[in-house]
$ cat model33.cif   # mmCIF, C-alpha atoms
data_input
#
loop_
_atom_site.label_atom_id
_atom_site.label_comp_id
_atom_site.auth_asym_id
_atom_site.auth_seq_id
_atom_site.Cartn_x
_atom_site.Cartn_y
_atom_site.Cartn_z
CA MET A 1 0.00 0.00 0.00
CA THR A 2 1.36 3.45 -0.93
CA GLN A 3 1.68 5.77 2.05
CA GLN A 4 -0.43 8.91 1.75
CA GLN A 5 1.74 11.95 1.19
CA ARG A 6 1.78 14.68 3.79
CA THR A 7 0.35 17.96 2.47
CA TYR A 8 0.40 21.49 3.86
CA PRO A 9 -2.41 24.05 3.62
CA GLN A 10 -1.50 27.63 2.79
CA GLY A 11 0.13 29.39 5.73
CA VAL A 12 1.59 26.26 7.32
CA THR A 13 5.35 25.93 7.62
CA SER A 14 6.25 23.02 5.36
CA TRP A 15 10.00 22.66 4.73
CA VAL A 16 13.48 23.52 6.03
CA ASP A 17 16.84 23.58 4.33
CA ILE A 18 20.37 24.94 4.51
CA GLU A 19 22.77 26.20 1.85
CA GLN A 20 26.40 25.65 2.77
CA ARG A 21 29.72 26.01 1.00
CA ASP A 22 30.82 22.46 1.86
CA VAL A 23 27.85 20.25 0.99
CA ASP A 24 29.73 17.02 1.62
CA GLY A 25 30.77 18.29 5.05
CA ALA A 26 27.15 19.15 5.87
CA LEU A 27 25.99 15.70 4.81
CA ALA A 28 28.65 14.04 6.95
CA PHE A 29 27.72 16.10 10.01
CA TYR A 30 23.95 15.80 9.84
CA GLY A 31 24.09 12.19 8.73
CA ALA A 32 26.06 11.36 11.87
CA VAL A 33 24.14 13.58 14.29
CA LEU A 34 20.54 13.12 13.08
CA GLY A 35 20.81 9.79 11.26
CA TRP A 36 19.92 11.15 7.83
CA THR A 37 20.41 9.43 4.50
CA PHE A 38 20.56 11.45 1.29
CA HIS A 39 19.74 11.48 -2.38
CA GLN A 40 20.62 13.99 -5.07
CA ALA A 41 17.68 16.14 -6.23
CA SER A 42 19.33 18.64 -8.58
CA PRO A 43 20.06 17.74 -12.23
CA PRO A 44 23.62 17.60 -13.58
CA GLY A 45 25.13 21.05 -14.05
CA ALA A 46 22.73 22.79 -11.62
CA PRO A 47 23.73 24.01 -8.14
CA ARG A 48 23.81 20.98 -5.91
CA TYR A 49 20.72 20.23 -3.82
CA VAL A 50 20.36 17.08 -1.73
CA ILE A 51 17.26 15.73 0.00
CA ALA A 52 17.75 14.34 3.51
CA GLN A 53 15.56 11.44 4.54
CA VAL A 54 14.60 9.38 7.58
CA ASP A 55 13.13 5.94 6.91
CA GLY A 56 13.06 6.82 3.21
CA LEU A 57 10.89 9.92 3.73
CA ASP A 58 11.91 13.53 2.99
CA VAL A 59 12.82 15.60 6.06
CA ALA A 60 15.00 18.53 4.90
CA GLY A 61 17.23 19.88 2.14
CA VAL A 62 20.94 20.62 1.93
CA GLY A 63 21.99 22.97 -0.86
CA GLU A 64 25.11 24.53 -2.26
CA GLY A 65 25.69 28.16 -1.26
CA ALA A 66 28.05 30.46 0.59
CA ASP A 67 26.12 33.60 1.56
CA ASP A 68 24.02 32.31 4.45
CA PRO A 69 24.90 28.91 5.95
CA GLY A 70 21.97 28.93 8.39
CA TRP A 71 18.71 27.03 8.35
CA HIS A 72 15.82 28.40 6.29
CA THR A 73 12.13 27.80 6.94
CA TYR A 74 9.45 27.77 4.21
CA VAL A 75 5.73 28.53 4.44
CA ALA A 76 3.38 26.72 2.07
CA VAL A 77 1.39 28.96 -0.28
CA ASP A 78 -1.03 28.41 -3.14
CA ASP A 79 -0.01 31.50 -5.14
CA VAL A 80 3.49 32.93 -4.64
CA ASP A 81 2.83 36.22 -6.44
CA ALA A 82 -0.35 36.94 -4.50
CA VAL A 83 1.36 36.30 -1.15
CA LEU A 84 4.35 38.45 -2.14
CA ASP A 85 1.91 41.29 -2.88
CA ARG A 86 0.44 40.88 0.60
CA ILE A 87 3.93 40.84 2.11
CA THR A 88 4.91 44.17 0.57
CA ALA A 89 1.53 45.70 1.41
CA ALA A 90 2.00 44.68 5.05
CA GLY A 91 5.48 46.21 5.33
CA GLY A 92 7.71 43.28 4.44
CA ALA A 93 10.30 43.16 1.66
CA VAL A 94 10.82 40.58 -1.09
CA THR A 95 14.47 39.49 -1.17
CA THR A 96 14.56 36.60 -3.66
CA GLY A 97 12.48 35.25 -6.48
CA PRO A 98 10.02 33.91 -7.27
CA THR A 99 12.36 31.13 -8.42
CA VAL A 100 11.28 27.90 -10.07
CA ALA A 101 13.05 24.92 -8.48
CA GLY A 102 12.67 22.49 -11.36
CA GLU A 103 9.79 20.07 -10.99
CA GLY A 104 9.83 20.49 -7.21
CA GLY A 105 8.00 23.79 -6.99
CA THR A 106 8.53 27.55 -6.75
CA TRP A 107 10.05 29.50 -3.87
CA ALA A 108 10.64 33.09 -2.86
CA GLY A 109 12.39 34.83 0.03
CA PHE A 110 11.29 37.82 2.06
CA THR A 111 11.91 39.66 5.32
CA ASP A 112 9.26 40.74 7.79
CA PRO A 113 9.06 44.40 8.97
CA GLN A 114 11.67 43.61 11.66
CA GLY A 115 14.09 42.27 9.03
CA VAL A 116 13.66 38.59 9.91
CA PRO A 117 14.02 36.34 6.82
CA LEU A 118 11.54 33.64 5.87
CA ARG A 119 10.68 31.83 2.63
CA LEU A 120 7.62 30.74 0.66
CA TRP A 121 7.11 27.38 -1.05
CA ARG A 122 4.53 26.66 -3.75
CA PRO A 123 4.78 22.89 -4.13
CA LYS A 124 4.58 20.98 -7.34
CA ARG A 125 6.27 17.58 -7.03
CA ARG A 126 7.87 18.16 -3.61
CA LEU A 127 5.05 18.76 -1.15
CA GLY A 128 7.15 19.43 1.96
CA ALA A 129 8.52 17.36 4.84
CA GLN A 130 6.99 13.88 4.70
CA ILE A 131 7.80 12.85 8.27
CA VAL A 132 7.94 15.21 11.27
CA ASN A 133 8.24 15.02 15.07
CA ALA A 134 10.01 11.64 14.94
CA PRO A 135 13.67 11.31 15.99
CA GLY A 136 15.89 12.94 13.38
CA THR A 137 13.07 14.96 11.81
CA TRP A 138 11.86 18.54 11.91
CA ASN A 139 9.89 19.45 15.02
CA PHE A 140 9.12 23.18 14.83
CA SER A 141 10.49 26.47 13.56
CA ASP A 142 10.22 29.23 16.15
CA LEU A 143 10.35 33.01 15.70
CA ARG A 144 13.05 34.22 18.06
CA SER A 145 12.52 37.94 18.41
CA ASP A 146 11.95 40.41 21.24
CA GLU A 147 9.64 42.43 18.96
CA PRO A 148 7.90 39.85 16.76
CA ALA A 149 5.92 41.26 13.83
CA THR A 150 2.76 39.40 14.83
CA ALA A 151 0.35 41.77 13.05
CA PHE A 152 2.31 41.30 9.83
CA TYR A 153 2.11 37.51 9.95
CA THR A 154 -1.59 37.62 10.80
CA GLN A 155 -2.24 39.89 7.83
CA VAL A 156 -0.16 37.83 5.40
CA PHE A 157 -0.84 34.25 6.53
CA GLY A 158 -3.81 34.44 8.90
CA TRP A 159 -1.73 33.24 11.84
CA VAL A 160 -3.11 33.36 15.38
CA PHE A 161 -0.75 34.01 18.31
CA ASP A 162 -1.84 32.51 21.65
CA ASP A 163 -0.05 33.65 24.80
CA LEU A 164 -0.04 30.57 27.04
CA GLY A 165 1.96 32.12 29.85
CA PHE A 166 4.99 29.87 29.40
CA GLY A 167 5.21 30.76 25.69
CA THR A 168 3.37 32.07 22.64
CA MET A 169 2.00 29.46 20.27
CA ILE A 170 1.51 30.20 16.56
CA ARG A 171 -1.55 28.54 15.00
CA VAL A 172 -3.13 28.18 11.58
CA PRO A 173 -6.83 27.62 12.35
CA GLY A 174 -8.08 24.46 10.69
CA TYR A 175 -4.68 22.82 10.33
CA GLY A 176 -5.63 20.16 12.88
CA ASP A 177 -8.74 19.37 10.86
CA HIS A 178 -6.57 18.95 7.76
CA LEU A 179 -4.20 16.58 9.56
CA ALA A 180 -7.07 14.56 11.01
CA ALA A 181 -8.60 14.20 7.55
CA THR A 182 -5.35 13.18 5.86
CA THR A 183 -2.20 11.72 7.43
CA ASP A 184 -2.91 11.95 11.17
CA PRO A 185 -6.48 10.81 11.97
CA ASP A 186 -5.70 10.25 15.67
CA ILE A 187 -4.00 13.58 16.30
CA ARG A 188 -6.50 14.89 18.84
CA GLU A 189 -6.72 11.68 20.85
CA ARG A 190 -2.94 11.31 20.92
CA GLN A 191 -2.40 14.89 22.03
CA ALA A 192 -5.10 14.61 24.68
CA ASP A 193 -3.13 11.76 26.27
CA VAL A 194 -0.31 14.19 27.11
CA SER A 195 -2.53 17.16 28.05
CA VAL A 196 -1.32 19.63 25.42
CA PRO A 197 -2.69 23.20 25.42
CA PRO A 198 -6.02 23.88 23.67
CA GLY A 199 -5.55 24.45 19.95
CA PHE A 200 -2.25 22.59 19.82
CA GLU A 201 -3.42 20.53 16.84
CA ASP A 202 -3.27 23.77 14.80
CA ALA A 203 0.21 24.76 16.03
CA ILE A 204 2.94 25.50 13.49
CA GLY A 205 5.53 27.10 15.77
CA TRP A 206 6.28 29.32 18.74
CA VAL A 207 7.54 32.79 19.53
CA ALA A 208 10.48 33.06 21.88
CA PRO A 209 12.75 35.91 23.02
CA ALA A 210 15.88 36.54 20.99
CA VAL A 211 18.98 34.87 22.37
CA GLU A 212 21.87 37.11 23.39
CA ASN A 213 24.33 37.76 20.53
CA GLU A 214 21.93 36.28 17.96
CA ALA A 215 20.02 38.31 15.39
CA PRO A 216 16.25 37.70 15.39
CA HIS A 217 15.57 34.67 13.20
CA TRP A 218 13.41 31.64 12.54
CA HIS A 219 15.08 28.94 14.60
CA VAL A 220 14.78 25.27 13.58
CA THR A 221 14.31 22.46 16.09
CA PHE A 222 14.71 18.76 15.25
CA ALA A 223 13.26 15.97 17.36
CA VAL A 224 15.86 13.57 18.77
CA ALA A 225 15.65 10.33 20.72
CA ASP A 226 18.38 11.26 23.21
CA ARG A 227 19.41 14.87 23.86
CA ASP A 228 22.73 14.04 25.50
CA GLN A 229 23.75 11.57 22.81
CA THR A 230 22.90 14.17 20.14
CA ALA A 231 25.11 16.73 21.87
CA THR A 232 27.96 14.24 22.11
CA LEU A 233 27.69 13.30 18.44
CA ALA A 234 27.60 16.95 17.41
CA THR A 235 30.80 17.66 19.32
CA GLU A 236 32.53 14.55 17.97
CA HIS A 237 31.76 15.63 14.40
CA GLY A 238 32.95 19.23 14.64
CA GLY A 239 29.90 21.02 16.00
CA GLN A 240 29.65 23.17 19.12
CA VAL A 241 27.11 22.74 21.90
CA LEU A 242 25.98 26.22 22.96
CA ALA A 243 23.40 25.37 25.60
CA SER A 244 21.33 22.58 27.11
CA GLU A 245 18.06 23.00 28.95
CA ASP A 246 15.59 20.79 30.82
CA THR A 247 11.97 21.90 30.52
CA PRO A 248 8.72 20.23 31.63
CA TRP A 249 8.13 19.06 28.05
CA ALA A 250 11.58 18.46 26.57
CA LEU A 251 15.30 18.09 27.07
CA THR A 252 16.97 20.37 24.54
CA THR A 253 20.42 21.16 23.22
CA THR A 254 21.31 24.11 21.00
CA ILE A 255 24.10 23.37 18.53
CA ARG A 256 26.18 25.29 16.01
CA ASP A 257 27.20 23.06 13.11
CA PRO A 258 30.74 23.18 11.69
CA GLN A 259 29.75 25.79 9.08
CA GLY A 260 27.87 28.07 11.46
CA ALA A 261 24.22 27.02 11.26
CA LEU A 262 22.28 26.99 14.54
CA PHE A 263 19.65 24.41 15.41
CA THR A 264 18.14 22.74 18.47
CA GLY A 265 17.76 19.04 19.22
CA SER A 266 14.72 18.29 21.37
CA GLN A 267 13.95 15.07 23.25
CA PHE A 268 10.22 14.97 24.02
CA THR A 269 9.58 14.29 27.73
CA PRO A 270 5.91 15.08 28.43
CA PRO A 271 4.78 15.51 32.05
CA GLU A 272 3.42 12.41 33.76
#
$ encode --input "model33.cif" --output "structure tokens"
Amino acid sequence: MTQQQRTYPQGVTSWVDIEQRDVDGALAFYGAVLGWTFHQASPPGAPRYVIAQVDGLDVAGVGEGADDPGWHTYVAVDDVDAVLDRITAAGGAVTTGPTVAGEGGTWAGFTDPQGVPLRLWRPKRRLGAQIVNAPGTWNFSDLRSDEPATAFYTQVFGWVFDDLGFGTMIRVPGYGDHLAATTDPDIRERQADVSVPPGFEDAIGWVAPAVENEAPHWHVTFAVADRDQTATLATEHGGQVLASEDTPWALTTTIRDPQGALFTGSQFTPPE
């Protein structure tokens, strides 16, 4: 039986990738730390782009580039040009594209009114991450900013920001319904078993304060089976562990990869 592909409604974060000068070095690091396997996606003669997989399912991209070695987050859209018009009308700035990525889809880059970069993805053949929240896969992308442009994102994508006291959750209303009707029919029952906040089935990310000495950015978190083992592997393969934290819901480690990209590994540890 063919597994149903995971799809993303407009406004839902759907993909992450990096562009680094040393692609082979990036593959060696992330393959060792997150257990990824890889296959070439770009045609001969084009800038190199590799798809990372877990259990044969797409989880992230690694591309060839030198300008910004950090992780990029993409938001699914149905019409790139229409969303770019909304972005400029709301005070953002288009920085790249639209650019056709072969048969995969079309992307564009922009910055919000605070200068924080984010990207759009209009899928064609590549629909977005096909496995999430499992060890080695993408968990969330969080807006780390002391002055988040919440009104901008609401105007452009229809996002809702819920202050839960311990953090601000970003939701796309109806996303949980989409998941329940497609690839995750038991999402509400499973989440109820661990007493998640109301509306969590619609969550696409969080807002957190900016970290000292870091520019505001969209920060990528990957789920891991063992936080401490992930930190050890990162160090052994040339990365740097910047911080580790124990929270009521997760054990986390923030890592800088050998080429400068920041990410967090998160071991899910729900309260009893």
$ closest_residue --input "model33.cif" --among "A:Thr252, A:Thr13, A:Thr95, A:Thr232" --to "Tyr74 of chain A" --atoms "only C-alpha atoms"
A:Thr13
$ resolve_selection --input "model33.cif" --expression "the PyMOL selection byres ((chain A and resi 157) around 10)" --output "compact mmCIF listing (two decimals) with C-alpha atoms, in the frame of the given file"
# COMPACT_ATOMS: atom_id res chain seq x y z
CA GLN A 10 -1.50 27.63 2.79
CA GLY A 11 0.13 29.39 5.73
CA VAL A 12 1.59 26.26 7.32
CA VAL A 75 5.73 28.53 4.44
CA ALA A 76 3.38 26.72 2.07
CA VAL A 77 1.39 28.96 -0.28
CA VAL A 83 1.36 36.30 -1.15
CA ARG A 86 0.44 40.88 0.60
CA ILE A 87 3.93 40.84 2.11
CA PHE A 152 2.31 41.30 9.83
CA TYR A 153 2.11 37.51 9.95
CA THR A 154 -1.59 37.62 10.80
CA GLN A 155 -2.24 39.89 7.83
CA VAL A 156 -0.16 37.83 5.40
CA GLY A 158 -3.81 34.44 8.90
CA TRP A 159 -1.73 33.24 11.84
CA VAL A 160 -3.11 33.36 15.38
CA VAL A 172 -3.13 28.18 11.58
$ resolve_selection --input "model33.cif" --expression "the PyMOL selection byres ((chain A and resi 199) around 10)" --output "list in words"
Asp162, Met169, Ile170, Arg171, Val172, Pro173, Gly174, Tyr175, Gly176, Arg188, Val196, Pro197, Pro198, Phe200, Glu201, Asp202 and Ala203 of chain A
$ residues_near_point --input "model33.cif" --point "(11.5, 24.3, 7.0)" --cutoff "8 Å" --atoms "only C-alpha atoms" --output "number ranges by chain"
A: 13-17, 60, 71-75, 129, 138, 141, 220
$ residues_around --input "model33.cif" --residues "Arg125 of chain A" --least-positions-apart "6" --cutoff "7 Å" --atoms "all atoms listed in the file" --output "PyMOL selection string"
chain A and resi 103-105
$ residues_around --input "model33.cif" --residues "segment 268-270 of chain A" --least-positions-apart "5" --cutoff "12 Å" --atoms "only C-alpha atoms" --output "number ranges by chain"
A: 133-135, 139, 191-196, 221-227, 246-253
$ resolve_selection --input "model33.cif" --expression "the PyMOL selection byres ((chain A and resi 31) around 12)" --output "PyMOL selection string"
chain A and resi 23-30+32-39+51-54+60+62+136-137+230+233-234+237
$ atom_distance --input "model33.cif" --atom1 "atom CA of Asp68 of chain A" --atom2 "atom CA of Ile18 of chain A"
8.2 Å
$ atom_distance --input "model33.cif" --atom1 "atom CA of His178 of chain A" --atom2 "atom CA of Leu164 of chain A"
23.4 Å
